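A.B. asks: Okay, here's the structure, questions in a sec.
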Amino acid sequence: MYFKIFRTTILMVLVSFMLASISFAFKPKKEEWRPADTTNFVSKFYKENEGCFKCHGEKFYEYINEAQGTTIRHNMYIERFINRDLFYKSNHKNFKCTDCHSEEYMKFPHAGELRMESMYGCLDCHGNDEKYAKYHFEEIDAEYQQSTHFQMEKEGFTCWKCHNPHTYQISIRNTENLTKTIAYDNSICLNCHSDFDRFQLLSDKKEINIIKKHEWLPNQTAHFQSVRCIECHSKANDSILVNHLLMPKDSAVRKCNECHSQNSILMASLYKFKSKEQRKDGFFNGVILNESYVIGANRNEYLNSFSLLILFGVIGIIGVHVFFRIIKVNHKEDES
Amino acid sequence: MSHKLYLYPKWIRVWHVLNALLFLVLIITGISMQYTDKETNSFIIEFDWAIALHNFAALVITINYMIFVIGNVMTKNGKHYMINWRTIWKDLLVQFKFYAFGMFKGEKHPFPITEENKFNPLQKFAYVFAMYAGFPVLIITGLGLLFPEINIKGLFGVSGLLMTDILHITVGFFLSIFLVIHLYTCTLGSKPTTLFKGMITGYHESDEH
């Protein structure tokens with residue numbers, strides 16, 4: 001009878017626990033964490049920009065040769081093609097083209113010497129600006145100056161080699177989908193490191209084969225999908241958003257425990273924003289995921305304390321049992 | 001007067017010794033992996049070695065577990081793991097009271113060991129949960145960690161891989177606790193070493209009959 005009541009109570013507690021966790025898990029996400037909806041974004045410079053996109057936003061462009069009276073069609077040079085949709089989703093979507101490019105570009109055909117115009121770097125706009133202080137652009141630039149990219153190719157390498165100003169999206173801090181962030185960030189690296197034509201613009205190496213070079217890595221595909229290239233190939237810096245001190249390949253992380261440990265380097269890079277904010281959602285998440293990383297750092301203080309409590313409880317009970325057994329043995333010896 | 005019962009045939013003894021040794025390797029390497037530090041690369045043993053040993057021991061213990069299950073199906077040993085659900089709660093309480101008080105008062109074992117009843121209710125209950133619930137979960141989640149691509153992607157906003165891992169270490173922890181209790185209860189024979197001896201010779205010795 002008592003056991004039935006006990007069992008029913010335990011069952012009810014478990015069911016309530018599960019229902020509570022499910023309800024928490026399906027709780028709508030907080031508004032502030034929803035990524036900005038850019039599908040209906042209309043730039044106030046749309047009309048001006050459309051003048052440029054008419055050619056640079058298409059795969060081919062055409063113009064009338066007035067001298068001959070013919071219509072000329074040409075493929076748009078891929079490096080000069082700007083994806084209109086991606087531009088209006090990017091961080092620079094509020095700009096008009098001539099904010100960064102010469103007003104002279106408004107004339108067509110463009111004057112040849114415009115090709116020589118100097119391009120802005122990130123710090124030209126973002127440097128020493130309190131509005132952008134939280135992004136630590138100066139620190140990023142200092143790291144970049146020491147990185148192997150810059151050291152090997154001081155002239156050719158610029159911010160734009162990795163971050164296309166027309167499509168760049170700051171992706172990690174407010175992300176809801178870390179997998180997408182990883183894919184986005186890795187695509188920046190793979191843009192050169194898997195495309196031999198682009199790679200050759202800056203390097204004389206004869207081949208690139210990312211898969212072959214990472215053959216030693218267990219579960220290579222899972223690693224590529226779960227972490228960014230920079231996690232292993234850059235020096236972690238806790239004060240900036242994304243590490244920019246890219247290291248030579250010989251200095252890359254190769255020891256499993258650098259990531260798979262309690263103080264995993266991923267906590268200083270990939271998970272440093274996500275772990276604190278996104279894990280608040282859901283019932284289990286906060287409890288299970290803090291300081292968590294599969295193999296090694298899946299400990300968390302609650303589970304740790306709970307398991308230690310159980311372990312010492314068991315050892316304590318055994319100790320008490322042993323104590324009474326010793327008393328019993330002594331008692332028996334006294335009697336005999 | 002003591003009497004002897006042949007309770008543990010050779011295949012069970014070999015299985016048991018192998019299971020115990022492999023489980024110890026798994027606990028030590030598991031703890032080592034869990035607590036390896038980023039800087040030192042080693043907690044009990046080096047991280048890479050811990051992984052390799054853990055994977056190897058896990059593979060062998062899985063095969064050993066299959067032998068245990070097949071052996072129980074093919075031989076009469078399986079009947080010792082049949083729980084009588086109608087009386088189990090009452091029997092557990094009786095056995096628990098014996099361990100907590102009865103044995104100190106000199107009471108006789110409430111469920112004396114016979115060829116038909118090799119395990120007392122507490123043993124039976126613990127062994128069934130350890131071997132038929134704990135072990136399969138440990139093996140399945142272990143396979144999930146060995147081949148991460150087979151895991152579900154996520155559940156309730158939590159990564160499937162992490163859920164698998166949490167389940168793996170939680171069940172591993174409880175089975176380790178089971179091992180501690182199991183080792184202690186094995187000292188509760190006529191003498192503290194009697195039951196250990198029985199697991200080597202195959203004969204259970206008891207002062208009661």
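Naming works like this for the structure tokens: A, B, ... for the chains as they're shown, residue 1 at the start of each chain, ligands 1 onward in shown order.
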Could you please select, counting only C-alpha atoms, the residues of chain A within 6 Å of chain B and state them as a list in words?
C.D. replies: Ala25, Asn257, Glu258, Ser261, Val294 and Gly296 of chain A
A.B. asks: Please give the complete set of residues from chain B that DSSP, run on the backbone, assigns to strand (DSSP E), formatted as a PyMOL selection string.
C.D. replies: chain B and resi 3-6+154-155+158-159+203-206
A.B. asks: Please identify the helix (DSSP H, G or I) residues within stretch 97-194 of chain B (assignment by DSSP from backbone atoms) and present them as a ChimeraX atom specification.
C.D. replies: /B:97-100,102-104,121-146,148-150,160-185,194
A.B. asks: At a cut-off of 10 Å, using only C-alpha atoms, what residues contact A:Lys134? Leave out same-chain residues fewer than 4 positions from it and give the result as a VMD selection string.
C.D. replies: chain A and resid 129 to 130 239 to 241
A.B. asks: Identify, on the basis of only C-alpha atoms, every residue whose closest approach to B:Thr114 does not exceed 10 Å; exclude the query and any residue fewer than 3 positions from it along the same chain; express the result as a list in words.
C.D. replies: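 These residues fall inside the cut-off: Leu5, Tyr6, Leu7, Phe111, Asn117, Lys118, Phe119, Asn120, His204 and His209 of chain B.
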A.B. asks: Generate a file of the selected residues that holds N, CA and C atoms, formatted as a PDB file, in the first residue's frame.
C.D. replies:
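Okay, out-v4.pdb is ready:
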ATOM      1  N   LEU B   5      28.326 -24.595  -2.162  1.00  0.00           N
ATOM      2  CA  LEU B   5      27.402 -24.713  -3.308  1.00  0.00           C
ATOM      3  C   LEU B   5      28.160 -24.289  -4.552  1.00  0.00           C
ATOM      4  N   TYR B   6      28.066 -25.084  -5.623  1.00  0.00           N
ATOM      5  CA  TYR B   6      28.735 -24.674  -6.872  1.00  0.00           C
ATOM      6  C   TYR B   6      27.778 -23.738  -7.628  1.00  0.00           C
ATOM      7  N   LEU B   7      28.036 -22.443  -7.521  1.00  0.00           N
ATOM      8  CA  LEU B   7      27.092 -21.466  -8.083  1.00  0.00           C
ATOM      9  C   LEU B   7      27.625 -20.746  -9.330  1.00  0.00           C
ATOM     10  N   PHE B 111      16.945 -14.419   2.964  1.00  0.00           N
ATOM     11  CA  PHE B 111      16.865 -15.141   1.689  1.00  0.00           C
ATOM     12  C   PHE B 111      18.161 -15.941   1.506  1.00  0.00           C
ATOM     13  N   ASN B 117      18.136 -19.879  -5.893  1.00  0.00           N
ATOM     14  CA  ASN B 117      18.146 -18.447  -5.600  1.00  0.00           C
ATOM     15  C   ASN B 117      19.568 -17.981  -5.304  1.00  0.00           C
ATOM     16  N   LYS B 118      20.290 -17.675  -6.377  1.00  0.00           N
ATOM     17  CA  LYS B 118      21.699 -17.310  -6.225  1.00  0.00           C
ATOM     18  C   LYS B 118      21.850 -15.908  -5.617  1.00  0.00           C
ATOM     19  N   PHE B 119      20.873 -15.054  -5.953  1.00  0.00           N
ATOM     20  CA  PHE B 119      20.970 -13.665  -5.487  1.00  0.00           C
ATOM     21  C   PHE B 119      19.849 -13.346  -4.493  1.00  0.00           C
ATOM     22  N   ASN B 120      20.164 -12.513  -3.497  1.00  0.00           N
ATOM     23  CA  ASN B 120      19.083 -12.017  -2.641  1.00  0.00           C
ATOM     24  C   ASN B 120      18.361 -10.897  -3.406  1.00  0.00           C
ATOM     25  N   HIS B 204      30.217 -21.312  -3.487  1.00  0.00           N
ATOM     26  CA  HIS B 204      29.773 -20.368  -2.466  1.00  0.00           C
ATOM     27  C   HIS B 204      29.818 -21.080  -1.122  1.00  0.00           C
ATOM     28  N   HIS B 209      22.685 -22.801   6.694  1.00  0.00           N
ATOM     29  CA  HIS B 209      22.071 -23.643   5.673  1.00  0.00           C
ATOM     30  C   HIS B 209      20.667 -24.013   6.080  1.00  0.00           C
TER      31      HIS B 209
END
A.B. asks: List the spatial neighbours of A:Ala252 as a list in words - criterion: any atom at most 8 Å away, only C-alpha atoms, same-chain residues fewer than 2 positions off excluded.
C.D. replies: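 Those residues are Cys232, His233, Ser234, Met247, Pro248, Lys249, Asp250 and Arg254 of chain A.
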A.B. asks: Applying 12 Å and only C-alpha atoms, which residues near stretch 16-25 of chain B remain after dropping the ones on its own chain fewer than 3 positions away? List them as a PyMOL selection string.
C.D. replies: chain B and resi 8-13+28-32+44-45+49-68+131+135+138+172-173+175-176+178-180+182-183+196+199-200+202
A.B. asks: Residues at most 10 Å from A:Ile188, counting only C-alpha atoms, excluding those fewer than 4 positions away in the same chain, as JSON, numbers by chain?
C.D. replies: {"A": [161, 162, 163, 164, 168, 183, 184, 192, 193, 229]}
A.B. asks: Given the selection you just returned, output its residues as a file containing C-alpha atoms, formatted as a PDB file, in the first residue's frame.
C.D. replies:
ATOM      1  CA  LYS A 161      40.487  39.671 -48.256  1.00  0.00           C
ATOM      2  CA  CYS A 162      38.472  37.899 -45.581  1.00  0.00           C
ATOM      3  CA  HIS A 163      35.592  40.252 -44.893  1.00  0.00           C
ATOM      4  CA  ASN A 164      33.837  41.333 -48.042  1.00  0.00           C
ATOM      5  CA  TYR A 168      29.934  41.041 -44.254  1.00  0.00           C
ATOM      6  CA  ALA A 183      29.587  27.505 -41.516  1.00  0.00           C
ATOM      7  CA  TYR A 184      29.584  31.253 -42.279  1.00  0.00           C
ATOM      8  CA  CYS A 192      40.698  31.127 -50.422  1.00  0.00           C
ATOM      9  CA  HIS A 193      41.897  27.916 -48.818  1.00  0.00           C
ATOM     10  CA  CYS A 229      39.035  27.076 -38.465  1.00  0.00           C
TER      11      CYS A 229
END
A.B. asks: Give the answer as one residue: which of A:Phe41, A:Cys159, A:Ser203, A:Phe108 has the shortest atom-to-atom distance to A:Ser147, using only C-alpha atoms?
C.D. replies: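 Under the stated criterion, the closest residue is A:Cys159.
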A.B. asks: If I take atom CA of A:Ala268 and atom CA of A:Asn237, how far is one from the other in Å, to one decimal?
C.D. replies: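 Atom CA of A:Ala268 sits 6.9 Å away from atom CA of A:Asn237.
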A.B. asks: Considering only C-alpha atoms, state which residue in the set A:Asn304, A:Gln220, A:Ser251, A:Ser226 is at the smallest distance from A:Asn177.
C.D. replies: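 Using only C-alpha atoms, A:Asn177 sits closest to A:Ser226.
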